Amino acid sequence: MIDPVPPPSVAERVGFDTSEVLLGPPVGEPVMRLQDVTVEFAGRKAVRGVSFDAHGGEITSLIGPSGSGKTTLLRALNRMHDTVRTASVTGTVMLGDTDVYAGSTDPTLLRSRVGMVFQRPNPFPTMSIYENAVAGLKFNGVRKKALLEEAAESALIAAALWDSVRDRLKAHASTLSGGEQQRLCIARALAVEPEVLLMDEPTSALDPIATKRIEELIGELKHRVTIIVVTHNMQQAMRVSDRCAFLLMGEDRAGELIEFGPTAKLFSEPGDPRTLDYVNGRFG
Amino acid sequence: MTTRETTQPRGARRGSRLGLPNGVYRGLLAAVAAIFVGLVAWFLVSMIVQAKPAFSTLGFSWIFQKTWDPNHQKFGLLPFIIGTFETTAIALVLAVPIGLGTALALAYLVPHRLRALLSTAVELLAAVPSVVYGLWGLIVLAPLVREYLEPFLTSVLGWTGLFNGPNQGPGLLLAGIILFVMVLPTMMAISRDVLAVVPNEQVEGAMALGATRWQVLRKVVVPGARTGLLGAFTLATGRALGETVAVALVIGNSNFIAHSLKSPAATLPSLIVNNFGESTGTELSALFGAGLVLLVIGVAVNATARVLVRSTSRAGAASVAVA
Amino acid sequence: MATLAFDAPADPILERRRRIQGVATATLKRRKAYSKVAIGICWVFLGIAIVPLVGVVAYVVVKGLPAWNVDFFTQVTEPEGIPGGGVWNAIVGTAEIGALATAVTVPIGLLCGLFLAESDGRISGAVRFTADVMTGVPSITIGIFGYIAIVKNTGHYSGLAGAFAIGVIMLPVIMRAGETAIRGVPHHLSEAALALGARRATIARRVVVPAALPGIVTGVLLAVARGLGETAPLLLTIFGNEYLQWNPNKPIEALPVLIYNNSSQPYADLVQVAWGAALLLLVVVLVLSIGSRIAAAFLQRERR
């Protein structure tokens, strides 16, 4: 007698009960919530008391003049400051139901849920394009070839790189142009299927054409992952983001959140005179 | 050479226009560089000329013959070539993992404040003369190896046949260990430098993907520095191959091919230094020949190392300082 | 077994996220343990490396210090069994060899360094490569060269032959260190002088070499430290001498040779002298190495 064999569940395939693993909530809900986030280096505040929510399916941009703590704040969201001995982060960052800075939260695991793209393209130069794309998966213990290839292809397609590299996946990452390298870095981060993607001025090292393509790409990705992007370029913030947080250097040189709201409103009718000054100053 | 440059006509108004004409200056520099090149050429030619009698008397095959017996005009170099490579191999088996692990610790694990201090200490240790290592090896380490290490290794690894024979102290194993200790600071200093120059962006890129600390080091930092590391290992190999006095003091000096790691043996440099004083005629020429063989091996290894290390520029500066 | 809800067709990205995070969570303990063990091994290796290196220095200090007294620095060596005696003859020899080799190689090495720094052709590339390879040539072969070039031609061992061999070892080190230091001088300095119409030789002497002085001093001191510690070339060239010999054209003694010869003697008093000499050599070499750093830092500060 033959029992009808049910298709293997994810739990069986993974060999682990995944029902406890949290997923990003539906579009429009807050995915990452910052409450009174303060970053200090050796007792000196670099960012003070920032609170806002980044919503699912949206792009949140962090803008402000240099020194306003945008990048410092962004790096607090995936605990990149952990390696700096003198750094301390207070306040609360929630990723879904996970308290990012709780003692029980592992920073390694957290970073697989919160991806990051840096200012300058930083593909691993000793790895091939394919190896770069699956590097994060391998770091996280994924060994199954099928899953690696599926994730890599999906991420490379999403990063608009698949068509140009599908025939040379074994080529070194350094053979790509600057814009392509940055897209590979985006693909590398996407392949892990993070819930949030942090982008730190992702186009600052690129030429205008490559910048435009990355901006278009960011817009397409928001259905896949919640994006928080730092930019010093206000037009870019206007073009790509749904909500915008404006930071400014406050007293004793610590960055503070001046205003947070829908991008269109923040630029057209800002609630704070300092935002107005900044917006006007930039547009002359 | 400098005197000609420094003499200037007195009372010159526009001093900046004086000094040697550019052409003469360039010619002077080129001439001095030619002195260096000439010196190296003289070095190579004289080695070859002096070794030639041995080659013409004994033919080319003497290099690979097994017997060194001056009384019967036999000057086979094989035992010494083997000894040279064996001692170097022992040193590298120890020095590669330990040097790499230590360099990783110095570059990324040790607290920031200690890093500079320890790195300086390591660079200073690289300057300790090899004869001091030899003295220490002979007087301090040899009894320890004889009483503790050799019995231990014999009981654990005796089945391999590598540790047959009596425990004696001086021999291949001790020579390998001394070479390991001697090349370790060089290895650590250069490896640390090439590991430390791996861009921080790469490290952060891996971290941000969820890599553990070790994954960052193993998958990104070490591969990123691999050319420089290979260069460091090759430089260390060159030093180990060419070391004379530290080895000569602790290897036990036997003209036969060793059949156990505990046996006394000899290397090309130790052969030369031990027999040089008493040799004449064909034997002396054979010693020059041994030097020529050593030179060829040494140049090949070092040329490889330099090509590799040069590709990582800062490490190039470090290697000049410590190599 | 209960069927899980997401067996139904789901968003492929959400499903993949669930799988990846499942694996990441499941393997976390193992990955972290592996990382801890591997990094622990690095620390153990650091410990293994430190023990013998500290051991060498500590032993030389502990064994060598008792040998130090006034006689040790002022008397010549005595044969075994005769109390007293020192290493004055070896100190004189080492100092002479070091001074001769340094006096000849520093000017030649610096000019060669200038040559390498100022030209970027194939020829200078080949010279640079030759110098690099020469820094790593087994030192005993250079001892053989000293023997062939000087001892054989003059018919006797001598301090000069030793100084020649040590100089050949030091020369490429000084060349490359000099080149590195000179290349480190900012271009705008020499370009400013060039714009004023200065000649290259003048620029080199007045601008480039003074600006590169910290690096040059470091390189020279390190080269001297290395030269003084070399043993094998001296064994083939200076022969050694139990008596005080000021004339560098005669066989002389040197500290490394004395250490080498005494250490394998079966007499405790000779080994004791070897430890004392090893300590002296160690101190000299470390003082030169540390001094090179201090001198470089000092000269650098002077400039500001």
# chains A, B, ... in the order shown; residues from 1 in each chain; ligands from 1
>>> interface_residues(of="chain C", to="chain A", cutoff="6 Å", atoms="only C-alpha atoms", output="PDB file with C-alpha atoms, in the first residue's frame")
ATOM      1  CA  ARG C  17      13.471  34.592   2.967  1.00  0.00           C
ATOM      2  CA  GLY C  22      15.757  29.304   8.806  1.00  0.00           C
ATOM      3  CA  ALA C  24      20.878  31.132   9.189  1.00  0.00           C
ATOM      4  CA  THR C  27      23.443  27.154  11.759  1.00  0.00           C
TER       5      THR C  27
END
>>> select_by_dssp(residues="region 106-228 of chain A", states="strand (DSSP E or B)", output="ChimeraX atom specification")
/A:114-117,128,172,196-200,226-228
>>> write_last_selection(atoms="N, CA and C atoms", output="short mmCIF file (atom, residue, chain, number, x, y, z; two decimals), in the first residue's frame")
data_model
loop_
_atom_site.label_atom_id
_atom_site.label_comp_id
_atom_site.auth_asym_id
_atom_site.auth_seq_id
_atom_site.Cartn_x
_atom_site.Cartn_y
_atom_site.Cartn_z
N VAL A 114 19.08 42.57 7.94
CA VAL A 114 19.19 43.98 7.57
C VAL A 114 20.43 44.12 6.68
N GLY A 115 20.22 44.21 5.38
CA GLY A 115 21.35 44.30 4.48
C GLY A 115 21.90 45.70 4.41
N MET A 116 23.10 45.84 3.80
CA MET A 116 23.69 47.18 3.72
C MET A 116 24.46 47.33 2.41
N VAL A 117 24.31 48.50 1.81
CA VAL A 117 25.07 48.86 0.60
C VAL A 117 25.86 50.11 0.95
N SER A 128 34.51 35.57 -7.73
CA SER A 128 33.86 35.80 -9.02
C SER A 128 32.53 36.51 -8.79
N HIS A 172 35.92 37.65 -12.69
CA HIS A 172 36.16 38.36 -11.45
C HIS A 172 35.28 39.60 -11.36
N VAL A 196 15.13 44.53 5.58
CA VAL A 196 15.43 45.95 5.42
C VAL A 196 16.75 46.07 4.68
N LEU A 197 16.84 47.03 3.77
CA LEU A 197 18.11 47.28 3.08
C LEU A 197 18.54 48.71 3.38
N LEU A 198 19.71 48.83 4.01
CA LEU A 198 20.25 50.14 4.32
C LEU A 198 21.21 50.55 3.23
N MET A 199 21.07 51.76 2.70
CA MET A 199 21.96 52.20 1.62
C MET A 199 22.61 53.51 2.04
N ASP A 200 23.93 53.50 2.05
CA ASP A 200 24.68 54.67 2.52
C ASP A 200 25.23 55.43 1.32
N THR A 226 12.20 46.70 2.42
CA THR A 226 12.07 48.05 2.97
C THR A 226 13.43 48.74 2.88
N ILE A 227 13.45 49.94 2.32
CA ILE A 227 14.74 50.58 2.06
C ILE A 227 14.90 51.85 2.88
N ILE A 228 16.05 52.00 3.51
CA ILE A 228 16.41 53.27 4.15
C ILE A 228 17.69 53.74 3.46
#
>>> interface_residues(of="chain B", to="chain A", cutoff="9 Å", atoms="only C-alpha atoms", output="number ranges by chain")
B: 201-202, 204-213, 215-216, 219-220, 223-224
>>> interface_residues(of="chain C", to="chain B", cutoff="7 Å", atoms="only C-alpha atoms", output="VMD selection string")
chain C and resid 32 35 38 to 39 42 to 43 45 to 46 52 to 53 56 108 111 to 112 115 132 to 133 136 to 141 145 173 176 to 177 197 to 202 222 226 229 to 232 256 260 263 to 264 278 282 285 to 286 289
>>> write_last_selection(atoms="C-alpha atoms", output="JSON list (two decimals), in the first residue's frame")
[["chain", "number", "residue", "atom", "x", "y", "z"],
["C", 32, "LYS", "CA", 29.65, 31.09, 16.05],
["C", 35, "SER", "CA", 34.44, 31.23, 14.73],
["C", 38, "ALA", "CA", 39.29, 29.39, 15.02],
["C", 39, "ILE", "CA", 39.95, 32.73, 16.65],
["C", 42, "CYS", "CA", 44.91, 32.32, 16.51],
["C", 43, "TRP", "CA", 45.34, 33.44, 20.12],
["C", 45, "PHE", "CA", 49.37, 30.57, 18.08],
["C", 46, "LEU", "CA", 50.19, 34.06, 19.28],
["C", 52, "PRO", "CA", 60.27, 31.16, 22.25],
["C", 53, "LEU", "CA", 60.79, 34.75, 21.10],
["C", 56, "VAL", "CA", 65.47, 33.88, 23.49],
["C", 108, "ILE", "CA", 77.09, 54.52, -2.86],
["C", 111, "LEU", "CA", 73.31, 57.61, -4.89],
["C", 112, "CYS", "CA", 71.93, 54.30, -6.17],
["C", 115, "PHE", "CA", 69.10, 56.75, -9.30],
["C", 132, "ASP", "CA", 65.67, 43.19, -3.99],
["C", 133, "VAL", "CA", 66.95, 39.75, -4.81],
["C", 136, "GLY", "CA", 67.67, 37.85, 0.27],
["C", 137, "VAL", "CA", 70.66, 35.98, -1.14],
["C", 138, "PRO", "CA", 72.03, 33.47, 1.41],
["C", 139, "SER", "CA", 74.63, 35.44, 3.33],
["C", 140, "ILE", "CA", 77.15, 32.60, 3.26],
["C", 141, "THR", "CA", 77.42, 32.91, -0.51],
["C", 145, "PHE", "CA", 82.39, 36.14, -2.57],
["C", 173, "VAL", "CA", 69.24, 47.33, 1.82],
["C", 176, "ARG", "CA", 66.02, 50.27, -1.42],
["C", 177, "ALA", "CA", 65.44, 52.05, 1.86],
["C", 197, "GLY", "CA", 65.22, 76.92, -12.50],
["C", 198, "ALA", "CA", 67.26, 74.77, -10.13],
["C", 199, "ARG", "CA", 69.26, 71.91, -11.46],
["C", 200, "ARG", "CA", 68.44, 68.33, -10.58],
["C", 201, "ALA", "CA", 71.62, 67.84, -8.56],
["C", 202, "THR", "CA", 70.87, 70.93, -6.51],
["C", 222, "LEU", "CA", 68.55, 49.10, 10.09],
["C", 226, "ARG", "CA", 71.64, 43.77, 10.05],
["C", 229, "GLY", "CA", 74.66, 40.65, 13.25],
["C", 230, "GLU", "CA", 75.82, 38.70, 10.20],
["C", 231, "THR", "CA", 78.02, 35.76, 11.12],
["C", 232, "ALA", "CA", 78.47, 33.40, 8.21],
["C", 256, "PRO", "CA", 79.22, 37.11, 16.05],
["C", 260, "TYR", "CA", 79.67, 31.09, 17.12],
["C", 263, "SER", "CA", 79.02, 28.34, 21.87],
["C", 264, "SER", "CA", 79.98, 24.88, 20.69],
["C", 278, "ALA", "CA", 75.34, 37.63, 22.59],
["C", 282, "LEU", "CA", 71.63, 41.99, 20.99],
["C", 285, "VAL", "CA", 71.31, 45.66, 17.32],
["C", 286, "LEU", "CA", 68.23, 46.63, 19.31],
["C", 289, "SER", "CA", 66.75, 49.42, 15.51]]
>>> residues_around(residues="Gly98 (chain C)", least_positions_apart="5", cutoff="8 Å", atoms="only C-alpha atoms", output="PyMOL selection string")
chain C and resi 163+166+224+227-228
>>> write_last_selection(atoms="C-alpha atoms", output="JSON list (two decimals), in the first residue's frame")
[["chain", "number", "residue", "atom", "x", "y", "z"],
["C", 163, "ALA", "CA", 83.92, 44.64, 5.82],
["C", 166, "ILE", "CA", 79.18, 42.99, 5.12],
["C", 224, "VAL", "CA", 73.92, 48.57, 9.97],
["C", 227, "GLY", "CA", 75.26, 43.95, 8.94],
["C", 228, "LEU", "CA", 76.65, 43.78, 12.47]]
>>> residues_around(residues="Thr154 (chain B)", least_positions_apart="2", cutoff="10 Å", atoms="only C-alpha atoms", output="PyMOL selection string")
chain B and resi 149-152+156-167+262
>>> residues_around(residues="Thr218 (chain C)", least_positions_apart="5", cutoff="10 Å", atoms="only C-alpha atoms", output="list in words")
Ala321 of chain B; Ile174, Ala177, Gly178, Ala181, Leu213, Ala223, Val224, Leu288, Ser289, Ile290, Gly291, Ser292, Arg293, Ile294, Ala295, Ala296 and Ala297 of chain C
>>> residues_around(residues="Ala54 (chain A)", least_positions_apart="6", cutoff="12 Å", atoms="only C-alpha atoms", output="ChimeraX atom specification")
/A:24-25,27-35,60-62,74,77,93-96,195-198,222,225-229,241-245,260-262
>>> write_last_selection(atoms="C-alpha atoms", output="mmCIF file, in the first residue's frame")
data_model
loop_
_atom_site.group_PDB
_atom_site.id
_atom_site.type_symbol
_atom_site.label_atom_id
_atom_site.label_comp_id
_atom_site.auth_asym_id
_atom_site.auth_seq_id
_atom_site.Cartn_x
_atom_site.Cartn_y
_atom_site.Cartn_z
ATOM 1 C CA GLY A 24 8.381 41.579 7.362
ATOM 2 C CA PRO A 25 4.814 42.723 7.962
ATOM 3 C CA VAL A 27 3.145 46.894 3.014
ATOM 4 C CA GLY A 28 2.440 50.164 4.783
ATOM 5 C CA GLU A 29 3.139 48.854 8.270
ATOM 6 C CA PRO A 30 6.194 50.052 10.196
ATOM 7 C CA VAL A 31 9.033 47.584 9.694
ATOM 8 C CA MET A 32 11.835 49.322 11.480
ATOM 9 C CA ARG A 33 11.008 51.635 14.351
ATOM 10 C CA LEU A 34 13.541 53.992 15.872
ATOM 11 C CA GLN A 35 12.824 55.428 19.285
ATOM 12 C CA THR A 60 12.805 56.242 3.566
ATOM 13 C CA SER A 61 15.576 58.733 2.899
ATOM 14 C CA LEU A 62 17.858 60.379 5.431
ATOM 15 C CA LEU A 74 22.226 54.333 9.485
ATOM 16 C CA LEU A 77 20.476 50.154 12.506
ATOM 17 C CA VAL A 93 15.557 50.089 17.374
ATOM 18 C CA MET A 94 12.844 47.543 16.620
ATOM 19 C CA LEU A 95 12.943 45.298 13.555
ATOM 20 C CA GLY A 96 9.434 43.852 13.554
ATOM 21 C CA GLU A 195 13.768 42.549 5.409
ATOM 22 C CA VAL A 196 15.426 45.954 5.419
ATOM 23 C CA LEU A 197 18.109 47.285 3.081
ATOM 24 C CA LEU A 198 20.252 50.142 4.325
ATOM 25 C CA LYS A 222 10.829 48.745 -2.728
ATOM 26 C CA VAL A 225 12.489 45.065 0.676
ATOM 27 C CA THR A 226 12.068 48.050 2.967
ATOM 28 C CA ILE A 227 14.742 50.576 2.060
ATOM 29 C CA ILE A 228 16.412 53.268 4.150
ATOM 30 C CA VAL A 229 18.770 55.369 2.056
ATOM 31 C CA SER A 241 11.934 58.313 -1.462
ATOM 32 C CA ASP A 242 8.409 58.111 -0.058
ATOM 33 C CA ARG A 243 9.287 59.470 3.350
ATOM 34 C CA CYS A 244 12.125 61.633 4.326
ATOM 35 C CA ALA A 245 13.971 62.325 7.569
ATOM 36 C CA PHE A 260 10.175 63.490 9.391
ATOM 37 C CA GLY A 261 7.318 63.063 6.972
ATOM 38 C CA PRO A 262 6.178 62.233 3.462
#
>>> select_by_dssp(residues="region 70-284 of chain A", states="alpha helix (DSSP H)", output="MDAnalysis selection string")
chainID A and resid 70:76 107:113 129:139 145:158 162:165 178:191 208:221 234:240 263:268 273:283
>>> residues_around(residues="Leu172 (chain B)", least_positions_apart="2", cutoff="9 Å", atoms="only C-alpha atoms", output="short mmCIF file (atom, residue, chain, number, x, y, z; two decimals) with C-alpha atoms, in the first residue's frame")
data_model
loop_
_atom_site.label_atom_id
_atom_site.label_comp_id
_atom_site.auth_asym_id
_atom_site.auth_seq_id
_atom_site.Cartn_x
_atom_site.Cartn_y
_atom_site.Cartn_z
CA GLY B 83 69.03 18.42 4.50
CA GLU B 86 64.10 19.09 5.07
CA THR B 87 65.03 21.67 7.69
CA ILE B 90 60.02 21.53 9.12
CA PRO B 170 70.91 18.26 17.81
CA LEU B 174 66.00 20.87 16.31
CA ALA B 175 67.41 22.69 13.28
CA GLY B 176 63.89 22.97 11.83
CA ILE B 177 62.53 24.31 15.10
CA VAL B 250 72.19 22.66 16.14
CA ILE B 251 71.97 20.18 13.26
CA GLY B 252 74.64 17.79 14.48
CA ALA B 258 69.17 11.38 7.59
CA SER B 260 64.92 10.03 10.98
CA LEU B 261 63.95 13.52 12.03
CA LYS B 262 66.03 12.94 15.14
CA SER B 263 69.20 12.14 13.18
CA PRO B 264 72.01 14.58 12.76
CA ALA B 265 72.26 15.95 9.24
CA ALA B 266 73.76 18.89 7.39
#
>>> atom_distance(atom1="CA of Asn253 (chain B)", atom2="CA of Leu271 (chain B)")
7.8 Å
>>> decode(residues="region 197-220 of chain B", atoms="N, CA and C atoms", output="PDB file, in the first residue's frame")
ATOM      1  N   VAL B 197      46.461  45.905   5.421  1.00  0.00           N
ATOM      2  CA  VAL B 197      46.104  46.828   4.337  1.00  0.00           C
ATOM      3  C   VAL B 197      44.901  46.356   3.526  1.00  0.00           C
ATOM      4  N   VAL B 198      44.319  45.214   3.873  1.00  0.00           N
ATOM      5  CA  VAL B 198      43.063  44.837   3.214  1.00  0.00           C
ATOM      6  C   VAL B 198      42.041  45.915   3.558  1.00  0.00           C
ATOM      7  N   PRO B 199      41.390  46.520   2.538  1.00  0.00           N
ATOM      8  CA  PRO B 199      40.530  47.671   2.811  1.00  0.00           C
ATOM      9  C   PRO B 199      39.435  47.355   3.820  1.00  0.00           C
ATOM     10  N   ASN B 200      39.207  48.307   4.703  1.00  0.00           N
ATOM     11  CA  ASN B 200      38.167  48.154   5.708  1.00  0.00           C
ATOM     12  C   ASN B 200      36.797  47.972   5.066  1.00  0.00           C
ATOM     13  N   GLU B 201      36.622  48.537   3.862  1.00  0.00           N
ATOM     14  CA  GLU B 201      35.339  48.391   3.164  1.00  0.00           C
ATOM     15  C   GLU B 201      34.997  46.917   2.933  1.00  0.00           C
ATOM     16  N   GLN B 202      36.048  46.128   2.623  1.00  0.00           N
ATOM     17  CA  GLN B 202      35.830  44.708   2.385  1.00  0.00           C
ATOM     18  C   GLN B 202      35.374  44.031   3.667  1.00  0.00           C
ATOM     19  N   VAL B 203      36.041  44.400   4.770  1.00  0.00           N
ATOM     20  CA  VAL B 203      35.708  43.814   6.063  1.00  0.00           C
ATOM     21  C   VAL B 203      34.270  44.160   6.423  1.00  0.00           C
ATOM     22  N   GLU B 204      33.904  45.429   6.253  1.00  0.00           N
ATOM     23  CA  GLU B 204      32.548  45.843   6.606  1.00  0.00           C
ATOM     24  C   GLU B 204      31.516  45.213   5.679  1.00  0.00           C
ATOM     25  N   GLY B 205      31.894  45.088   4.394  1.00  0.00           N
ATOM     26  CA  GLY B 205      30.983  44.466   3.444  1.00  0.00           C
ATOM     27  C   GLY B 205      30.609  43.059   3.879  1.00  0.00           C
ATOM     28  N   ALA B 206      31.609  42.306   4.348  1.00  0.00           N
ATOM     29  CA  ALA B 206      31.347  40.938   4.792  1.00  0.00           C
ATOM     30  C   ALA B 206      30.538  40.942   6.086  1.00  0.00           C
ATOM     31  N   MET B 207      30.921  41.826   7.003  1.00  0.00           N
ATOM     32  CA  MET B 207      30.201  41.911   8.275  1.00  0.00           C
ATOM     33  C   MET B 207      28.721  42.192   8.048  1.00  0.00           C
ATOM     34  N   ALA B 208      28.464  43.131   7.122  1.00  0.00           N
ATOM     35  CA  ALA B 208      27.096  43.561   6.895  1.00  0.00           C
ATOM     36  C   ALA B 208      26.245  42.463   6.267  1.00  0.00           C
ATOM     37  N   LEU B 209      26.891  41.425   5.741  1.00  0.00           N
ATOM     38  CA  LEU B 209      26.136  40.311   5.159  1.00  0.00           C
ATOM     39  C   LEU B 209      25.834  39.241   6.197  1.00  0.00           C
ATOM     40  N   GLY B 210      26.309  39.442   7.410  1.00  0.00           N
ATOM     41  CA  GLY B 210      26.041  38.457   8.450  1.00  0.00           C
ATOM     42  C   GLY B 210      27.170  37.466   8.657  1.00  0.00           C
ATOM     43  N   ALA B 211      28.386  37.836   8.225  1.00  0.00           N
ATOM     44  CA  ALA B 211      29.517  36.935   8.422  1.00  0.00           C
ATOM     45  C   ALA B 211      29.962  36.974   9.885  1.00  0.00           C
ATOM     46  N   THR B 212      30.385  35.821  10.399  1.00  0.00           N
ATOM     47  CA  THR B 212      30.977  35.814  11.732  1.00  0.00           C
ATOM     48  C   THR B 212      32.382  36.405  11.632  1.00  0.00           C
ATOM     49  N   ARG B 213      32.968  36.680  12.801  1.00  0.00           N
ATOM     50  CA  ARG B 213      34.294  37.278  12.823  1.00  0.00           C
ATOM     51  C   ARG B 213      35.300  36.430  12.038  1.00  0.00           C
ATOM     52  N   TRP B 214      35.249  35.129  12.250  1.00  0.00           N
ATOM     53  CA  TRP B 214      36.195  34.258  11.571  1.00  0.00           C
ATOM     54  C   TRP B 214      35.912  34.213  10.081  1.00  0.00           C
ATOM     55  N   GLN B 215      34.624  34.219   9.699  1.00  0.00           N
ATOM     56  CA  GLN B 215      34.308  34.207   8.265  1.00  0.00           C
ATOM     57  C   GLN B 215      34.872  35.450   7.583  1.00  0.00           C
ATOM     58  N   VAL B 216      34.802  36.590   8.273  1.00  0.00           N
ATOM     59  CA  VAL B 216      35.371  37.807   7.698  1.00  0.00           C
ATOM     60  C   VAL B 216      36.859  37.605   7.445  1.00  0.00           C
ATOM     61  N   LEU B 217      37.560  37.052   8.447  1.00  0.00           N
ATOM     62  CA  LEU B 217      39.008  36.878   8.307  1.00  0.00           C
ATOM     63  C   LEU B 217      39.337  35.843   7.242  1.00  0.00           C
ATOM     64  N   ARG B 218      38.616  34.702   7.304  1.00  0.00           N
ATOM     65  CA  ARG B 218      38.980  33.572   6.452  1.00  0.00           C
ATOM     66  C   ARG B 218      38.570  33.782   4.997  1.00  0.00           C
ATOM     67  N   LYS B 219      37.392  34.386   4.804  1.00  0.00           N
ATOM     68  CA  LYS B 219      36.860  34.456   3.442  1.00  0.00           C
ATOM     69  C   LYS B 219      37.185  35.771   2.744  1.00  0.00           C
ATOM     70  N   VAL B 220      37.491  36.796   3.492  1.00  0.00           N
ATOM     71  CA  VAL B 220      37.720  38.095   2.859  1.00  0.00           C
ATOM     72  C   VAL B 220      39.137  38.614   3.113  1.00  0.00           C
TER      73      VAL B 220
END
